[in-house]
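To keep things clear, I will list the structure first and then write my remarks on it.
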Amino acid sequence: MGIVSSGFLGRRRNDDPRVPPGQYATDGFPVLSAGPTPRISKEDWAFTITNETGDVRRWSWSEFLALPQEDVSTDIHCVTSWSKLGTSWRGVALDTLFAEVDTTFEYTMAHSYGGYTTNVPLADLLDGKAWVAHSFDGEDLAPEHGGPARLLVPHLYFWKSAKWVSGLQMLPQDQPGFWEQNGYNMYGDPWKEQRYW
Ligand SMILES: Nc1nc2c(c(=O)[nH]1)N[C@H]1C(S)=C(S)[C@@H](COP(=O)(O)O)O[C@H]1N2
Ligand SMILES: [Mo]
């Protein structure tokens, strides 16, 4: 080994401009879930957006799949410091879903089967920045990674990408979701290292 210790060789370095500060790139795909994996069949699955009047726009699985589909290649960044570069997803842009929703509220709470919640400003879901994804690497999204479908908001830390997503509730102002009530940042920009309060 000479003067280069194995510790040095083994350390994960961040010299790739795609990797935000304090993160390291991994080839694996760690599973991070706050509770057990809920099992939702596609027949039972639905995605809803509820606006300020209580109006609920609902898509069944087949209605959801009949919408325009997009292939997304993107980097993802978990607050626990792993990043995964060049991940491949397929799903429906939130732009497509919100085209059918009337709202003037600017904040959302994402809700998941199993009870998880996370808050995302509406602006961060629109303009090609977020999807409801149902495939990863050309295959159905695995249950432990959020299948049948999950939110994908790759420009924010990955806790905002709610697995087993069931819907969005429009809100007049920002409110903390599950992790945000437990010390995580309200917004979560990985390039600004907005990890915790
Ligand atoms: N419903 C739900 N969504 C969730 C979580 C969770 O516990 N429950 N964990 C979040 C966190 S902290 C991360 S880092 C990612 C992990 O996604 P993965 O398990 O597919 O890597 O999912 C996010 N979405
Ligand atoms: Mo996370």
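Following the order of the structure tokens, chains are lettered A, B, ..., residues in each are numbered from 1, and ligands are numbered from 1.
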
Please report, as JSON lines, each residue of chain A lying at most 7 Å from ligand 2, together with the nearest pair of atoms and the separation in Å rounded to one decimal; use only C-alpha atoms and all ligand atoms, and order rows by chain and ascending residue number.
{"residue": "A:Leu32", "atom": "CA", "partner": "ligand 2", "partner_atom_place_in_ligand_line": "1 (Mo)", "distance": 6.2}
{"residue": "A:Cys78", "atom": "CA", "partner": "ligand 2", "partner_atom_place_in_ligand_line": "1 (Mo)", "distance": 4.6}
{"residue": "A:Val79", "atom": "CA", "partner": "ligand 2", "partner_atom_place_in_ligand_line": "1 (Mo)", "distance": 5.0}
{"residue": "A:Thr80", "atom": "CA", "partner": "ligand 2", "partner_atom_place_in_ligand_line": "1 (Mo)", "distance": 5.7}
{"residue": "A:Phe158", "atom": "CA", "partner": "ligand 2", "partner_atom_place_in_ligand_line": "1 (Mo)", "distance": 5.6}
{"residue": "A:Trp159", "atom": "CA", "partner": "ligand 2", "partner_atom_place_in_ligand_line": "1 (Mo)", "distance": 4.6}

Suppose we keep N, CA and C atoms; can you now write the selection as a PDB file, in the first residue's frame?
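part_0.pdb was written with the following content:
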ATOM      1  N   LEU A  32     -34.891   4.041   2.826  1.00  0.00           N
ATOM      2  CA  LEU A  32     -35.114   4.781   4.067  1.00  0.00           C
ATOM      3  C   LEU A  32     -36.606   4.996   4.250  1.00  0.00           C
ATOM      4  N   CYS A  78     -30.094  12.333  -0.636  1.00  0.00           N
ATOM      5  CA  CYS A  78     -30.705  12.075   0.674  1.00  0.00           C
ATOM      6  C   CYS A  78     -29.982  12.877   1.739  1.00  0.00           C
ATOM      7  N   VAL A  79     -30.734  13.394   2.696  1.00  0.00           N
ATOM      8  CA  VAL A  79     -30.166  14.234   3.745  1.00  0.00           C
ATOM      9  C   VAL A  79     -29.162  13.457   4.606  1.00  0.00           C
ATOM     10  N   THR A  80     -29.256  12.120   4.623  1.00  0.00           N
ATOM     11  CA  THR A  80     -28.287  11.325   5.392  1.00  0.00           C
ATOM     12  C   THR A  80     -26.942  11.237   4.684  1.00  0.00           C
ATOM     13  N   PHE A 158     -34.244  14.173  -0.642  1.00  0.00           N
ATOM     14  CA  PHE A 158     -35.122  13.088  -1.065  1.00  0.00           C
ATOM     15  C   PHE A 158     -36.261  12.807  -0.077  1.00  0.00           C
ATOM     16  N   TRP A 159     -36.200  13.361   1.147  1.00  0.00           N
ATOM     17  CA  TRP A 159     -37.333  13.110   2.054  1.00  0.00           C
ATOM     18  C   TRP A 159     -38.606  13.789   1.551  1.00  0.00           C
TER      19      TRP A 159
END

Open item on the list: According to DSSP computed on the backbone, where in chain A is there strand (DSSP E or B)? Give the residues as a VMD selection string.
Closed with: chain A and resid 24 to 25 46 to 50 56 to 60 70 to 77 82 to 93 107 to 112 117 to 121 131 to 136 139 to 140 150 to 152 165 to 171 184 196

TODO: Dump the neighbourhood of ligand 1 as number ranges by chain: all residues within 8 Å, distances computed on only C-alpha atoms and all ligand atoms.
DONE: A: 29-35, 77-80, 111-117, 144-146, 150, 157-165, 179

With N, CA and C atoms kept, could you save the residues just selected as a short mmCIF file (atom, residue, chain, number, x, y, z; two decimals), in the first residue's frame?
data_model
loop_
_atom_site.label_atom_id
_atom_site.label_comp_id
_atom_site.auth_asym_id
_atom_site.auth_seq_id
_atom_site.Cartn_x
_atom_site.Cartn_y
_atom_site.Cartn_z
N PHE A 29 -28.80 1.69 -3.78
CA PHE A 29 -30.05 2.44 -3.64
C PHE A 29 -30.60 2.11 -2.25
N PRO A 30 -30.09 2.85 -1.23
CA PRO A 30 -30.53 2.57 0.14
C PRO A 30 -32.04 2.76 0.27
N VAL A 31 -32.63 2.02 1.18
CA VAL A 31 -34.06 2.17 1.50
C VAL A 31 -34.16 2.92 2.82
N LEU A 32 -34.89 4.04 2.83
CA LEU A 32 -35.11 4.78 4.07
C LEU A 32 -36.61 5.00 4.25
N SER A 33 -37.17 4.30 5.21
CA SER A 33 -38.60 4.40 5.50
C SER A 33 -38.78 4.56 6.99
N ALA A 34 -39.67 5.49 7.37
CA ALA A 34 -39.91 5.75 8.78
C ALA A 34 -40.76 4.66 9.43
N GLY A 35 -41.40 3.82 8.64
CA GLY A 35 -42.25 2.77 9.20
C GLY A 35 -42.27 1.58 8.26
N HIS A 77 -30.69 13.18 -3.86
CA HIS A 77 -29.82 13.52 -2.73
C HIS A 77 -30.55 13.30 -1.41
N CYS A 78 -30.09 12.33 -0.64
CA CYS A 78 -30.70 12.08 0.67
C CYS A 78 -29.98 12.88 1.74
N VAL A 79 -30.73 13.39 2.70
CA VAL A 79 -30.17 14.23 3.75
C VAL A 79 -29.16 13.46 4.61
N THR A 80 -29.26 12.12 4.62
CA THR A 80 -28.29 11.32 5.39
C THR A 80 -26.94 11.24 4.68
N HIS A 111 -49.39 13.64 1.06
CA HIS A 111 -49.82 12.57 1.97
C HIS A 111 -49.51 11.22 1.34
N SER A 112 -49.13 10.28 2.18
CA SER A 112 -48.81 8.94 1.70
C SER A 112 -49.69 7.90 2.36
N TYR A 113 -49.94 6.79 1.64
CA TYR A 113 -50.47 5.60 2.29
C TYR A 113 -49.50 5.23 3.42
N GLY A 114 -50.02 4.97 4.60
CA GLY A 114 -49.16 4.68 5.75
C GLY A 114 -49.01 5.87 6.67
N GLY A 115 -49.38 7.09 6.18
CA GLY A 115 -49.45 8.24 7.08
C GLY A 115 -48.35 9.27 6.96
N TYR A 116 -47.30 8.98 6.19
CA TYR A 116 -46.21 9.95 6.02
C TYR A 116 -46.74 11.22 5.37
N THR A 117 -46.17 12.35 5.78
CA THR A 117 -46.50 13.63 5.14
C THR A 117 -45.22 14.43 4.93
N GLU A 144 -40.63 -1.20 -1.60
CA GLU A 144 -39.79 -0.54 -0.58
C GLU A 144 -39.32 0.83 -1.03
N HIS A 145 -39.33 1.09 -2.35
CA HIS A 145 -38.95 2.42 -2.86
C HIS A 145 -40.18 3.28 -3.15
N GLY A 146 -41.36 2.81 -2.74
CA GLY A 146 -42.53 3.67 -2.85
C GLY A 146 -43.60 3.21 -3.82
N ARG A 150 -44.60 7.07 -6.31
CA ARG A 150 -44.07 8.01 -5.32
C ARG A 150 -43.92 9.38 -5.95
N TYR A 157 -33.98 17.73 -1.11
CA TYR A 157 -33.56 16.48 -0.46
C TYR A 157 -34.65 15.44 -0.61
N PHE A 158 -34.24 14.17 -0.64
CA PHE A 158 -35.12 13.09 -1.06
C PHE A 158 -36.26 12.81 -0.08
N TRP A 159 -36.20 13.36 1.15
CA TRP A 159 -37.33 13.11 2.05
C TRP A 159 -38.61 13.79 1.55
N LYS A 160 -38.43 14.79 0.64
CA LYS A 160 -39.61 15.44 0.05
C LYS A 160 -40.30 14.54 -0.99
N SER A 161 -39.58 13.53 -1.45
CA SER A 161 -40.14 12.63 -2.47
C SER A 161 -40.92 11.51 -1.78
N ALA A 162 -42.16 11.84 -1.40
CA ALA A 162 -42.99 10.94 -0.60
C ALA A 162 -43.24 9.62 -1.31
N LYS A 163 -42.85 8.52 -0.66
CA LYS A 163 -43.14 7.19 -1.19
C LYS A 163 -44.62 6.86 -0.93
N TRP A 164 -45.17 5.94 -1.74
CA TRP A 164 -46.58 5.51 -1.60
C TRP A 164 -47.52 6.71 -1.56
N VAL A 165 -47.21 7.70 -2.39
CA VAL A 165 -47.97 8.96 -2.32
C VAL A 165 -49.44 8.71 -2.65
N TRP A 179 -41.19 14.77 8.85
CA TRP A 179 -39.79 15.03 9.23
C TRP A 179 -39.58 16.50 9.59
#

- [ ] Find the spatial neighbours of Asp102 of chain A, counting only C-alpha atoms, within a cut-off of 10 Å - ignore same-chain residues fewer than 2 positions away - and output them as JSON, numbers by chain.
- [x] {"A": [49, 50, 51, 52, 53, 55, 57, 98, 99, 100, 104, 105]}

For the selection just defined, write its residues with all heavy atoms to a file, as an mmCIF file, in the first residue's frame.
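Output contents, as saved in again-v2.cif:
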data_model
loop_
_atom_site.group_PDB
_atom_site.id
_atom_site.type_symbol
_atom_site.label_atom_id
_atom_site.label_comp_id
_atom_site.auth_asym_id
_atom_site.auth_seq_id
_atom_site.Cartn_x
_atom_site.Cartn_y
_atom_site.Cartn_z
ATOM 1 N N ILE A 49 -55.774 15.355 -5.640
ATOM 2 C CA ILE A 49 -55.381 16.718 -5.277
ATOM 3 C C ILE A 49 -56.630 17.408 -4.752
ATOM 4 O O ILE A 49 -57.659 17.458 -5.441
ATOM 5 C CB ILE A 49 -54.781 17.502 -6.458
ATOM 6 C CG1 ILE A 49 -53.535 16.782 -7.007
ATOM 7 C CG2 ILE A 49 -54.417 18.928 -6.019
ATOM 8 C CD1 ILE A 49 -52.909 17.461 -8.234
ATOM 9 N N THR A 50 -56.528 17.915 -3.505
ATOM 10 C CA THR A 50 -57.656 18.558 -2.840
ATOM 11 C C THR A 50 -57.382 20.058 -2.734
ATOM 12 O O THR A 50 -56.351 20.461 -2.191
ATOM 13 C CB THR A 50 -57.859 17.958 -1.433
ATOM 14 O OG1 THR A 50 -57.941 16.530 -1.538
ATOM 15 C CG2 THR A 50 -59.121 18.503 -0.786
ATOM 16 N N ASN A 51 -58.288 20.875 -3.257
ATOM 17 C CA ASN A 51 -58.042 22.318 -3.258
ATOM 18 C C ASN A 51 -58.753 23.002 -2.096
ATOM 19 O O ASN A 51 -59.319 22.348 -1.210
ATOM 20 C CB ASN A 51 -58.398 22.925 -4.625
ATOM 21 C CG ASN A 51 -59.902 23.052 -4.828
ATOM 22 O OD1 ASN A 51 -60.696 22.688 -3.966
ATOM 23 N ND2 ASN A 51 -60.280 23.579 -5.984
ATOM 24 N N GLU A 52 -58.729 24.329 -2.092
ATOM 25 C CA GLU A 52 -59.237 25.111 -0.952
ATOM 26 C C GLU A 52 -60.749 25.023 -0.780
ATOM 27 O O GLU A 52 -61.259 25.270 0.306
ATOM 28 C CB GLU A 52 -58.812 26.586 -1.056
ATOM 29 C CG GLU A 52 -59.069 27.261 -2.389
ATOM 30 C CD GLU A 52 -57.852 27.171 -3.317
ATOM 31 O OE1 GLU A 52 -57.299 26.060 -3.470
ATOM 32 O OE2 GLU A 52 -57.472 28.217 -3.873
ATOM 33 N N THR A 53 -61.460 24.653 -1.833
ATOM 34 C CA THR A 53 -62.912 24.523 -1.691
ATOM 35 C C THR A 53 -63.301 23.113 -1.263
ATOM 36 O O THR A 53 -64.488 22.805 -1.126
ATOM 37 C CB THR A 53 -63.631 24.846 -3.024
ATOM 38 O OG1 THR A 53 -63.308 23.821 -3.973
ATOM 39 C CG2 THR A 53 -63.220 26.203 -3.576
ATOM 40 N N ASP A 55 -62.705 20.582 -3.101
ATOM 41 C CA ASP A 55 -62.880 19.843 -4.347
ATOM 42 C C ASP A 55 -61.735 18.834 -4.486
ATOM 43 O O ASP A 55 -60.570 19.206 -4.332
ATOM 44 C CB ASP A 55 -62.843 20.857 -5.501
ATOM 45 C CG ASP A 55 -63.496 20.322 -6.751
ATOM 46 O OD1 ASP A 55 -64.463 19.553 -6.626
ATOM 47 O OD2 ASP A 55 -63.029 20.684 -7.845
ATOM 48 N N ARG A 57 -59.805 16.276 -6.927
ATOM 49 C CA ARG A 57 -59.555 15.700 -8.255
ATOM 50 C C ARG A 57 -58.871 14.360 -8.011
ATOM 51 O O ARG A 57 -57.867 14.279 -7.327
ATOM 52 C CB ARG A 57 -58.669 16.648 -9.064
ATOM 53 C CG ARG A 57 -58.447 16.212 -10.511
ATOM 54 C CD ARG A 57 -59.725 16.354 -11.321
ATOM 55 N NE ARG A 57 -59.532 15.864 -12.702
ATOM 56 C CZ ARG A 57 -59.628 14.597 -13.070
ATOM 57 N NH1 ARG A 57 -59.892 13.652 -12.184
ATOM 58 N NH2 ARG A 57 -59.436 14.252 -14.323
ATOM 59 N N PHE A 98 -51.800 19.177 -12.341
ATOM 60 C CA PHE A 98 -52.321 20.476 -11.911
ATOM 61 C C PHE A 98 -53.036 21.226 -13.028
ATOM 62 O O PHE A 98 -53.780 22.179 -12.755
ATOM 63 C CB PHE A 98 -51.204 21.340 -11.295
ATOM 64 C CG PHE A 98 -51.045 21.108 -9.815
ATOM 65 C CD1 PHE A 98 -50.067 20.255 -9.341
ATOM 66 C CD2 PHE A 98 -51.911 21.714 -8.914
ATOM 67 C CE1 PHE A 98 -49.940 20.021 -7.983
ATOM 68 C CE2 PHE A 98 -51.795 21.487 -7.555
ATOM 69 C CZ PHE A 98 -50.804 20.634 -7.084
ATOM 70 N N ALA A 99 -52.853 20.810 -14.274
ATOM 71 C CA ALA A 99 -53.607 21.413 -15.376
ATOM 72 C C ALA A 99 -55.106 21.195 -15.176
ATOM 73 O O ALA A 99 -55.922 21.928 -15.738
ATOM 74 C CB ALA A 99 -53.156 20.814 -16.705
ATOM 75 N N GLU A 100 -55.464 20.198 -14.361
ATOM 76 C CA GLU A 100 -56.877 19.886 -14.123
ATOM 77 C C GLU A 100 -57.360 20.374 -12.765
ATOM 78 O O GLU A 100 -58.435 19.966 -12.301
ATOM 79 C CB GLU A 100 -57.080 18.362 -14.240
ATOM 80 C CG GLU A 100 -56.683 17.816 -15.600
ATOM 81 C CD GLU A 100 -56.892 16.315 -15.708
ATOM 82 O OE1 GLU A 100 -57.809 15.783 -15.062
ATOM 83 O OE2 GLU A 100 -56.125 15.682 -16.451
ATOM 84 N N THR A 104 -55.660 28.738 -5.840
ATOM 85 C CA THR A 104 -54.814 29.919 -5.689
ATOM 86 C C THR A 104 -53.868 29.739 -4.509
ATOM 87 O O THR A 104 -53.034 30.607 -4.239
ATOM 88 C CB THR A 104 -55.668 31.193 -5.450
ATOM 89 O OG1 THR A 104 -56.419 31.014 -4.245
ATOM 90 C CG2 THR A 104 -56.613 31.449 -6.612
ATOM 91 N N PHE A 105 -53.971 28.624 -3.775
ATOM 92 C CA PHE A 105 -53.065 28.356 -2.654
ATOM 93 C C PHE A 105 -51.670 28.013 -3.186
ATOM 94 O O PHE A 105 -51.542 27.395 -4.251
ATOM 95 C CB PHE A 105 -53.594 27.207 -1.799
ATOM 96 C CG PHE A 105 -54.717 27.585 -0.878
ATOM 97 C CD1 PHE A 105 -55.224 28.873 -0.839
ATOM 98 C CD2 PHE A 105 -55.269 26.629 -0.017
ATOM 99 C CE1 PHE A 105 -56.262 29.222 0.025
ATOM 100 C CE2 PHE A 105 -56.302 26.962 0.849
ATOM 101 C CZ PHE A 105 -56.800 28.258 0.872
#

TODO: Would you work out the distance separating atom CA of Leu125 of chain A from atom CA of Lys192 of chain A, expressed in Å to one decimal?
DONE: 18.8 Å

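For Gly188 of chain A, the list of residues within 7 Å, based on only C-alpha atoms and with local chain neighbours fewer than 3 positions off taken out, reads Leu156, Tyr157, Asn185, Gln194 and Arg195 of chain A.
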
Task: A:Thr118, A:Asp140, A:Asp189, A:Arg39 ranked by distance to Gly167 of chain A, top pick (using only C-alpha atoms) - done: A:Thr118

Task: Coordinates-based distance that separates atom CA of Leu65 of chain A from atom CA of Pro143 of chain A (Å, one decimal) - done: 17.9 Å

For the structure I just gave you, how does DSSP split chain A - specifically, which residues are helix (DSSP H, G or I)? Reply as a short mmCIF file (atom, residue, chain, number, x, y, z; two decimals) with N, CA and C atoms, in the first residue's frame.
data_model
loop_
_atom_site.label_atom_id
_atom_site.label_comp_id
_atom_site.auth_asym_id
_atom_site.auth_seq_id
_atom_site.Cartn_x
_atom_site.Cartn_y
_atom_site.Cartn_z
N SER A 6 -5.29 2.48 3.32
CA SER A 6 -6.57 2.02 2.79
C SER A 6 -7.70 2.94 3.24
N GLY A 7 -7.52 3.55 4.39
CA GLY A 7 -8.53 4.50 4.86
C GLY A 7 -8.71 5.64 3.87
N PHE A 8 -7.58 6.11 3.34
CA PHE A 8 -7.66 7.19 2.37
C PHE A 8 -8.35 6.72 1.10
N LEU A 9 -7.94 5.54 0.62
CA LEU A 9 -8.54 5.02 -0.61
C LEU A 9 -10.04 4.76 -0.43
N GLY A 10 -10.40 4.35 0.78
CA GLY A 10 -11.78 3.98 1.01
C GLY A 10 -12.70 5.15 1.25
N TRP A 61 -55.63 4.30 -10.98
CA TRP A 61 -54.39 3.83 -11.61
C TRP A 61 -54.48 3.88 -13.14
N SER A 62 -55.59 3.42 -13.69
CA SER A 62 -55.69 3.40 -15.15
C SER A 62 -55.82 4.82 -15.71
N GLU A 63 -56.51 5.70 -15.00
CA GLU A 63 -56.59 7.10 -15.44
C GLU A 63 -55.21 7.76 -15.40
N PHE A 64 -54.48 7.43 -14.36
CA PHE A 64 -53.13 7.98 -14.18
C PHE A 64 -52.20 7.52 -15.31
N LEU A 65 -52.27 6.25 -15.66
CA LEU A 65 -51.41 5.70 -16.72
C LEU A 65 -51.82 6.21 -18.10
N LEU A 94 -46.21 16.72 -12.45
CA LEU A 94 -47.23 17.41 -11.68
C LEU A 94 -47.88 18.51 -12.49
N ASP A 95 -47.17 19.05 -13.49
CA ASP A 95 -47.78 20.04 -14.39
C ASP A 95 -49.03 19.46 -15.04
N THR A 96 -48.92 18.20 -15.47
CA THR A 96 -50.04 17.53 -16.13
C THR A 96 -51.22 17.39 -15.19
N LEU A 97 -50.95 17.02 -13.95
CA LEU A 97 -52.02 16.83 -12.97
C LEU A 97 -52.64 18.18 -12.57
N PHE A 98 -51.80 19.18 -12.34
CA PHE A 98 -52.32 20.48 -11.91
C PHE A 98 -53.04 21.23 -13.03
N LEU A 122 -45.98 24.81 -3.92
CA LEU A 122 -46.51 24.45 -5.24
C LEU A 122 -45.51 24.77 -6.35
N ALA A 123 -44.81 25.91 -6.23
CA ALA A 123 -43.86 26.30 -7.28
C ALA A 123 -42.79 25.24 -7.49
N ASP A 124 -42.47 24.48 -6.44
CA ASP A 124 -41.45 23.44 -6.56
C ASP A 124 -41.97 22.15 -7.17
N PRO A 143 -41.96 -1.93 -4.03
CA PRO A 143 -42.71 -1.44 -2.86
C PRO A 143 -41.82 -0.70 -1.85
N GLU A 144 -40.63 -1.20 -1.60
CA GLU A 144 -39.79 -0.54 -0.58
C GLU A 144 -39.32 0.83 -1.03
N HIS A 145 -39.33 1.09 -2.35
CA HIS A 145 -38.95 2.42 -2.86
C HIS A 145 -40.18 3.28 -3.15
N PHE A 158 -34.24 14.17 -0.64
CA PHE A 158 -35.12 13.09 -1.06
C PHE A 158 -36.26 12.81 -0.08
N TRP A 159 -36.20 13.36 1.15
CA TRP A 159 -37.33 13.11 2.05
C TRP A 159 -38.61 13.79 1.55
N LYS A 160 -38.43 14.79 0.64
CA LYS A 160 -39.61 15.44 0.05
C LYS A 160 -40.30 14.54 -0.99
N PHE A 178 -44.09 15.38 8.35
CA PHE A 178 -43.57 14.46 9.36
C PHE A 178 -42.14 14.79 9.79
N TRP A 179 -41.19 14.77 8.85
CA TRP A 179 -39.79 15.03 9.23
C TRP A 179 -39.58 16.50 9.59
N GLU A 180 -40.35 17.38 8.94
CA GLU A 180 -40.19 18.81 9.22
C GLU A 180 -40.59 19.12 10.66
N GLN A 181 -41.54 18.37 11.22
CA GLN A 181 -41.90 18.55 12.64
C GLN A 181 -40.83 17.97 13.55
N PRO A 190 -30.59 20.91 -1.28
CA PRO A 190 -29.31 20.23 -1.02
C PRO A 190 -28.10 21.09 -1.37
N TRP A 191 -28.25 22.01 -2.32
CA TRP A 191 -27.10 22.86 -2.71
C TRP A 191 -26.81 23.92 -1.67
N LYS A 192 -27.79 24.20 -0.78
CA LYS A 192 -27.58 25.14 0.34
C LYS A 192 -27.44 24.38 1.65
#

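In this structure, atom CA of Ser88 of chain A sits 11.1 Å away from atom CA of Leu152 of chain A.
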